[in-house]
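Visitor: Below: one structure in structure tokens.
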Amino acid sequence: MPTTTAVVYSEKLWVPLWWWPAGLAIAALLAAEVHMGAPGLRAWLPYLLLLPFPIWALYWLSRMIVQVERDEAGNGELRVGRAHLPLGVIGTAAVVPGTAKSAALGRQLDPLAFVQHRTWVKQMVLIVLEDPDDPTPYWLVSTKRPEDLVAALARPTPGARN
């Protein structure tokens, strides 16, 4: 009998809303600099070429999704962007507060760690792996709801109901 998986945690890490008008204003300013009152093609071409760029760039920066899927047996997968990790290899998960983020990304960072960092997200989750075949010691993932992600990654206790 095929098992069905359910999404138990999902979030998309959008850039802050104030970045959108700021990006468009910068593009409009650059287009106005190129235009500078010139007639003809130079009057509208800079706006046509430069205004879509911040929309594309900010949407591209907002494409990361953090998602946890589980089936009835408790097996599942953590997806962070294009990367995925079976839940069975996760040892522990801990919240990295915003005050400890620079230390976690600085001198304490293992060069073999998998990092998905977004500068506008203050908190992170440290996910320690227990896979002897994988050289990656841990994942460090930005998230806006770290406690919810840690709870979704926790192994279900036998006989417990969701």
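Going by the structure tokens order, chains are called A, B, ..., each with residues numbered from 1, while ligands are numbered from 1 in the order shown.
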Could you list, as a ChimeraX atom specification, every residue within 12 Å of stretch 66-81 of chain A, counting only C-alpha atoms and ignoring same-chain residues fewer than 2 positions away?
Guide: /A:1-14,60-64,83-90,114-118,124-125,127,139-146,148-162
Visitor: According to DSSP computed on the backbone, where in stretch 74-118 of chain A is there alpha helix (DSSP H)? Give the residues as a PyMOL selection string.
Guide: chain A and resi 101-105
Visitor: Those same residues, written as a CSV table (one decimal), in the first residue's frame with C-alpha atoms?
Guide:
chain,number,residue,atom,x,y,z
A,101,LYS,CA,24.3,34.0,14.2
A,102,SER,CA,27.6,35.7,13.4
A,103,ALA,CA,29.5,33.3,15.6
A,104,ALA,CA,27.8,30.3,13.9
A,105,LEU,CA,28.7,31.7,10.5
Visitor: Using only C-alpha atoms, which residues sit within 12 Å of A:Ala22 once same-chain residues fewer than 5 positions away are excluded, as a VMD selection string?
Guide: chain A and resid 15 to 17 27 to 29 51 54 to 55 58
Visitor: Only N, CA and C atoms, please: the residues just picked out, written as an mmCIF file, in the first residue's frame.
Guide:
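Written out: selection_20.cif:
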data_model
loop_
_atom_site.group_PDB
_atom_site.id
_atom_site.type_symbol
_atom_site.label_atom_id
_atom_site.label_comp_id
_atom_site.auth_asym_id
_atom_site.auth_seq_id
_atom_site.Cartn_x
_atom_site.Cartn_y
_atom_site.Cartn_z
ATOM 1 N N VAL A 15 12.043 38.307 0.639
ATOM 2 C CA VAL A 15 12.798 39.486 1.050
ATOM 3 C C VAL A 15 11.831 40.447 1.748
ATOM 4 N N PRO A 16 12.337 41.357 2.586
ATOM 5 C CA PRO A 16 11.440 42.316 3.250
ATOM 6 C C PRO A 16 10.689 43.177 2.238
ATOM 7 N N LEU A 17 9.483 43.564 2.598
ATOM 8 C CA LEU A 17 8.641 44.346 1.680
ATOM 9 C C LEU A 17 9.265 45.677 1.284
ATOM 10 N N ALA A 27 16.538 51.494 -9.521
ATOM 11 C CA ALA A 27 16.520 51.237 -10.972
ATOM 12 C C ALA A 27 16.002 52.444 -11.733
ATOM 13 N N ALA A 28 14.962 53.106 -11.197
ATOM 14 C CA ALA A 28 14.432 54.303 -11.861
ATOM 15 C C ALA A 28 15.462 55.425 -11.861
ATOM 16 N N LEU A 29 16.200 55.569 -10.779
ATOM 17 C CA LEU A 29 17.244 56.593 -10.710
ATOM 18 C C LEU A 29 18.347 56.315 -11.731
ATOM 19 N N LEU A 51 14.041 48.706 -15.164
ATOM 20 C CA LEU A 51 12.988 48.510 -14.159
ATOM 21 C C LEU A 51 12.623 47.039 -13.926
ATOM 22 N N PRO A 54 15.232 44.808 -10.918
ATOM 23 C CA PRO A 54 15.050 44.591 -9.477
ATOM 24 C C PRO A 54 13.878 43.661 -9.157
ATOM 25 N N ILE A 55 12.853 43.657 -9.999
ATOM 26 C CA ILE A 55 11.734 42.733 -9.777
ATOM 27 C C ILE A 55 12.228 41.289 -9.912
ATOM 28 N N LEU A 58 14.816 40.485 -6.893
ATOM 29 C CA LEU A 58 14.190 40.287 -5.583
ATOM 30 C C LEU A 58 13.344 39.021 -5.567
#
Visitor: Find the residue from A:Gly98, A:Pro46, A:Pro132, A:Gly106 that sits nearest to A:Ala31; use only C-alpha atoms when measuring.
Guide: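 Distance minimum relative to A:Ala31 lands on A:Pro46.
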Visitor: To one decimal in Å, tell me the separation between atom CA of A:Val96 and atom CA of A:Gln123.
Guide: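 Separation of atom CA of A:Val96 and atom CA of A:Gln123: 5.9 Å.
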Visitor: Identify, with DSSP run on backbone atoms, the residues in stretch 40-133 of chain A assigned to strand (DSSP E or B), and express the list as a CSV table (one decimal) with C-alpha atoms, in the first residue's frame.
Guide:
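Output (out.csv):
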chain,number,residue,atom,x,y,z
A,65,ILE,CA,11.5,27.3,0.5
A,66,VAL,CA,12.1,25.4,3.8
A,67,GLN,CA,9.8,22.4,4.0
A,68,VAL,CA,9.4,19.2,6.1
A,69,GLU,CA,7.4,16.3,4.7
A,70,ARG,CA,6.4,13.2,6.7
A,76,GLY,CA,10.2,11.9,5.5
A,77,GLU,CA,12.4,14.6,4.2
A,78,LEU,CA,13.7,18.1,4.8
A,79,ARG,CA,13.8,20.3,1.8
A,80,VAL,CA,15.8,23.5,1.7
A,83,ALA,CA,18.6,20.3,-1.4
A,84,HIS,CA,16.9,17.5,0.5
A,85,LEU,CA,17.8,15.4,3.5
A,86,PRO,CA,16.1,12.3,4.8
A,90,ILE,CA,19.0,13.9,11.5
A,91,GLY,CA,20.5,13.6,15.0
A,92,THR,CA,19.5,16.8,16.8
A,93,ALA,CA,18.3,20.3,15.8
A,94,ALA,CA,18.8,23.5,17.7
A,95,VAL,CA,17.8,27.1,17.4
A,96,VAL,CA,20.6,29.6,16.6
A,114,PHE,CA,25.8,22.9,4.4
A,115,VAL,CA,24.7,26.5,4.8
A,116,GLN,CA,21.6,28.2,3.4
A,124,MET,CA,18.8,30.0,12.0
A,125,VAL,CA,18.5,26.3,12.9
A,126,LEU,CA,21.5,24.0,13.3
A,127,ILE,CA,20.7,20.4,12.2
A,128,VAL,CA,23.3,17.9,13.2
A,129,LEU,CA,23.6,14.8,11.0
Visitor: Please, what distance in Å, to one decimal, runs between atom CA of A:Leu109 and atom CA of A:Glu130?
Guide: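 Calculated distance between atom CA of A:Leu109 and atom CA of A:Glu130 is 17.7 Å.
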